[in-house]
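Colleague: Take this structure first; my questions come after.
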Amino acid sequence: MELFLVILSLLLMLLGLLGSFLPVLPGPLTSWAGLLVLHFTDGVDLSNTFLILTLMVAIFIYVLDYIIPAIGTKRFGGSKAGIIGTTIGLFIGLIAPIPFGIIVGPFIGALVGEMVHRNDIKKALKAALGSFLGFIASTFLKFIVAIIYLGFFIVKLSEHNANWF
């Protein structure tokens, strides 16, 4: 059972890393779930304070994930159409067989969204840039938190002396 919990915890950690880039998965919250599962493993000591603090950070980052791209878009004169375009562009960029699709997709999506909303290419480019920068900042922040949680996982697991095989 212990080995199962460790493997499940590791899978949640890896899903959390993926969730940093995929908008369908809440990256830091998924990574935190991996820490929670690890907590239930015999011999791994994670305090309740640690779990509560890391949960609060994960929730804070989850909320910021929705605020940061909107701030970037609004700061550069964008609209809700630009934010929606960014998200659609991200999905297309993920499945498109082009290099750097995950980076190019959100920008093109924001640009198309802004062009649908307004017909001014200059303003649309500026808003698309803001949406794209907000997306990149949010993704980077989620990835950093997921990496830190993975580091906690590795440290706590390495402190655990178990013979699993």
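Residues in the structure tokens are named by chain (A, B, ... in the order shown) and by number from 1 within that chain; ligands are numbered from 1 in the order shown.
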Which polymer residues have any atom within 8 Å of an atom of range 43-48 of chain A, counting only C-alpha atoms, with same-chain residues fewer than 3 positions away left out, as a list in words?
Modeller: Leu38, His39, Phe40, Leu51, Ile52, Lys156, Leu157, Glu159, His160 and Asn161 of chain A
Colleague: Need the shell around range 5-15 of chain A: protein/DNA/RNA residues with any atom at most 7 Å away, counting only C-alpha atoms. Skip same-chain ones fewer than 4 positions apart. Format as an mmCIF file with N, CA and C atoms, in the first residue's frame?
Modeller:
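Wrote around19.cif, looks like this:
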data_model
loop_
_atom_site.group_PDB
_atom_site.id
_atom_site.type_symbol
_atom_site.label_atom_id
_atom_site.label_comp_id
_atom_site.auth_asym_id
_atom_site.auth_seq_id
_atom_site.Cartn_x
_atom_site.Cartn_y
_atom_site.Cartn_z
ATOM 1 N N MET A 1 0.822 -1.194 0.000
ATOM 2 C CA MET A 1 0.000 0.000 0.000
ATOM 3 C C MET A 1 0.870 1.263 0.000
ATOM 4 N N GLY A 19 0.138 20.482 -15.456
ATOM 5 C CA GLY A 19 -0.933 21.440 -15.214
ATOM 6 C C GLY A 19 -0.461 22.877 -15.184
ATOM 7 N N THR A 30 -2.812 20.364 -8.003
ATOM 8 C CA THR A 30 -2.569 18.946 -8.267
ATOM 9 C C THR A 30 -1.281 18.494 -7.597
ATOM 10 N N SER A 31 -0.248 19.333 -7.666
ATOM 11 C CA SER A 31 1.005 19.016 -6.973
ATOM 12 C C SER A 31 0.780 18.933 -5.468
ATOM 13 N N ALA A 33 -1.943 18.046 -4.015
ATOM 14 C CA ALA A 33 -2.622 16.767 -3.769
ATOM 15 C C ALA A 33 -1.596 15.642 -3.682
ATOM 16 N N GLY A 34 -0.520 15.742 -4.461
ATOM 17 C CA GLY A 34 0.567 14.767 -4.369
ATOM 18 C C GLY A 34 1.248 14.811 -3.013
ATOM 19 N N LEU A 35 1.436 16.015 -2.478
ATOM 20 C CA LEU A 35 2.005 16.137 -1.127
ATOM 21 C C LEU A 35 1.055 15.550 -0.087
ATOM 22 N N VAL A 37 -1.144 13.122 -0.512
ATOM 23 C CA VAL A 37 -1.091 11.662 -0.608
ATOM 24 C C VAL A 37 0.186 11.148 0.051
ATOM 25 N N LEU A 38 1.290 11.846 -0.180
ATOM 26 C CA LEU A 38 2.557 11.445 0.451
ATOM 27 C C LEU A 38 2.454 11.509 1.968
ATOM 28 N N THR A 41 1.483 8.342 3.653
ATOM 29 C CA THR A 41 2.434 7.236 3.591
ATOM 30 C C THR A 41 3.079 7.070 4.962
ATOM 31 N N LEU A 150 7.533 19.708 -6.024
ATOM 32 C CA LEU A 150 8.253 18.487 -6.401
ATOM 33 C C LEU A 150 9.530 18.359 -5.577
#
Colleague: Report the distance between CA of Phe91 in chain A and CA of Gly109 in chain A in Å, rounded to one decimal place.
Modeller: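 Separating CA of Phe91 in chain A from CA of Gly109 in chain A is a distance of 9.5 Å.
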Colleague: Just want the 9 Å neighbourhood of Tyr62 in chain A, counted on only C-alpha atoms, with same-chain residues fewer than 5 positions away dropped. Output as a CSV table (one decimal) with N, CA and C atoms, in the first residue's frame.
Modeller:
chain,number,residue,atom,x,y,z
A,26,PRO,N,-5.3,22.2,-12.7
A,26,PRO,CA,-4.8,23.2,-11.8
A,26,PRO,C,-3.4,22.7,-11.3
A,27,GLY,N,-2.3,23.2,-11.9
A,27,GLY,CA,-1.0,22.7,-11.6
A,27,GLY,C,-0.6,22.6,-10.1
A,28,PRO,N,-0.5,23.8,-9.5
A,28,PRO,CA,-0.1,23.7,-8.1
A,28,PRO,C,-1.0,23.0,-7.2
A,29,LEU,N,-2.3,23.0,-7.4
A,29,LEU,CA,-3.3,22.3,-6.6
A,29,LEU,C,-3.1,20.8,-6.8
A,57,VAL,N,-0.9,28.5,-0.5
A,57,VAL,CA,-0.1,29.0,-1.6
A,57,VAL,C,-0.7,28.5,-2.9
A,142,LYS,N,3.1,29.3,-12.0
A,142,LYS,CA,2.6,28.0,-11.7
A,142,LYS,C,3.7,26.9,-11.7
Colleague: When distances are computed from only C-alpha atoms, which of A:Ile103, A:Asp42, A:Ile88, A:Ser138 shows the smallest separation from Glu2 in chain A?
Modeller: A:Asp42
Colleague: Extract, using only C-alpha atoms, all DNA, RNA and protein residues at most 10 Å from Pro23 in chain A, discarding same-chain residues fewer than 5 positions from it, and format them as a list in words.
Modeller: Leu18, Asp65, Thr87, Leu90, Phe91 and Thr139 of chain A
Colleague: Write a file of the selected residues as a compact mmCIF listing (two decimals), in the first residue's frame, keeping N, CA and C atoms.
Modeller:
# COMPACT_ATOMS: atom_id res chain seq x y z
N LEU A 18 2.62 19.26 -15.46
CA LEU A 18 1.89 19.41 -16.72
C LEU A 18 0.80 20.47 -16.59
N ASP A 65 -3.84 32.81 -11.27
CA ASP A 65 -3.80 32.29 -12.63
C ASP A 65 -4.90 32.92 -13.48
N THR A 87 -6.70 31.52 -24.63
CA THR A 87 -6.98 30.16 -24.17
C THR A 87 -7.19 29.20 -25.34
N LEU A 90 -3.95 28.51 -26.97
CA LEU A 90 -3.13 27.59 -26.19
C LEU A 90 -3.49 26.14 -26.52
N PHE A 91 -4.78 25.84 -26.55
CA PHE A 91 -5.21 24.48 -26.87
C PHE A 91 -4.77 24.08 -28.28
N THR A 139 1.91 31.23 -16.27
CA THR A 139 2.44 29.87 -16.47
C THR A 139 3.76 29.69 -15.74
Colleague: Would you compute the distance between CA of Asp120 in chain A and CA of Phe135 in chain A? Give it in Å to one decimal.
Modeller: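 Going from CA of Asp120 in chain A over to CA of Phe135 in chain A covers 22.1 Å.
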Colleague: Using only C-alpha atoms, which residue out of A:Leu17, A:Val145, A:Ile68, A:Val155 lies closest to Met56 in chain A?
Modeller: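 Ranking A:Leu17, A:Val145, A:Ile68, A:Val155 by distance to Met56 in chain A, first place goes to A:Val145.
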Colleague: Can you work out which one of A:Leu141, A:Gly130, A:Ala81, A:Ile108 has the shortest atom-to-atom distance to Gly93 in chain A, counting only C-alpha atoms?
Modeller: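 Of A:Leu141, A:Gly130, A:Ala81, A:Ile108, the one nearest Gly93 in chain A, counting only C-alpha atoms, is A:Ile108.
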Colleague: Taking the chain letters and numbering used in this document, name the residues of range 9-155 of chain A that DSSP puts in alpha helix (DSSP H), as a PyMOL selection string.
Modeller: chain A and resi 9-19+27-39+48-75+80-95+101-117+121-155
Colleague: Counting only C-alpha atoms, what is within 12 Å of Lys80 in chain A, bar same-chain residues fewer than 2 positions away, as a PyMOL selection string?
Modeller: chain A and resi 69-74+77-78+82-87+110-111+113-118+127-128+131
Colleague: Quick one: residues within 8 Å of Leu94 in chain A, only C-alpha atoms counted, chain neighbours fewer than 6 positions away excluded, as a PyMOL selection string?
Modeller: chain A and resi 101-102+105
Colleague: Restrict the selected residues to C-alpha atoms and save them as a PDB file, in the first residue's frame.
Modeller:
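Contents of the output file again_35.pdb:
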ATOM      1  CA  GLY A 101       3.072  25.841 -30.528  1.00  0.00           C
ATOM      2  CA  ILE A 102       2.497  26.321 -26.817  1.00  0.00           C
ATOM      3  CA  GLY A 105      -0.647  29.600 -30.060  1.00  0.00           C
TER       4      GLY A 105
END
Colleague: For CA of Pro99 in chain A and CA of Leu22 in chain A, determine how far apart the two atoms are, in Å to one decimal place.
Modeller: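 Calculated distance between CA of Pro99 in chain A and CA of Leu22 in chain A is 16.8 Å.
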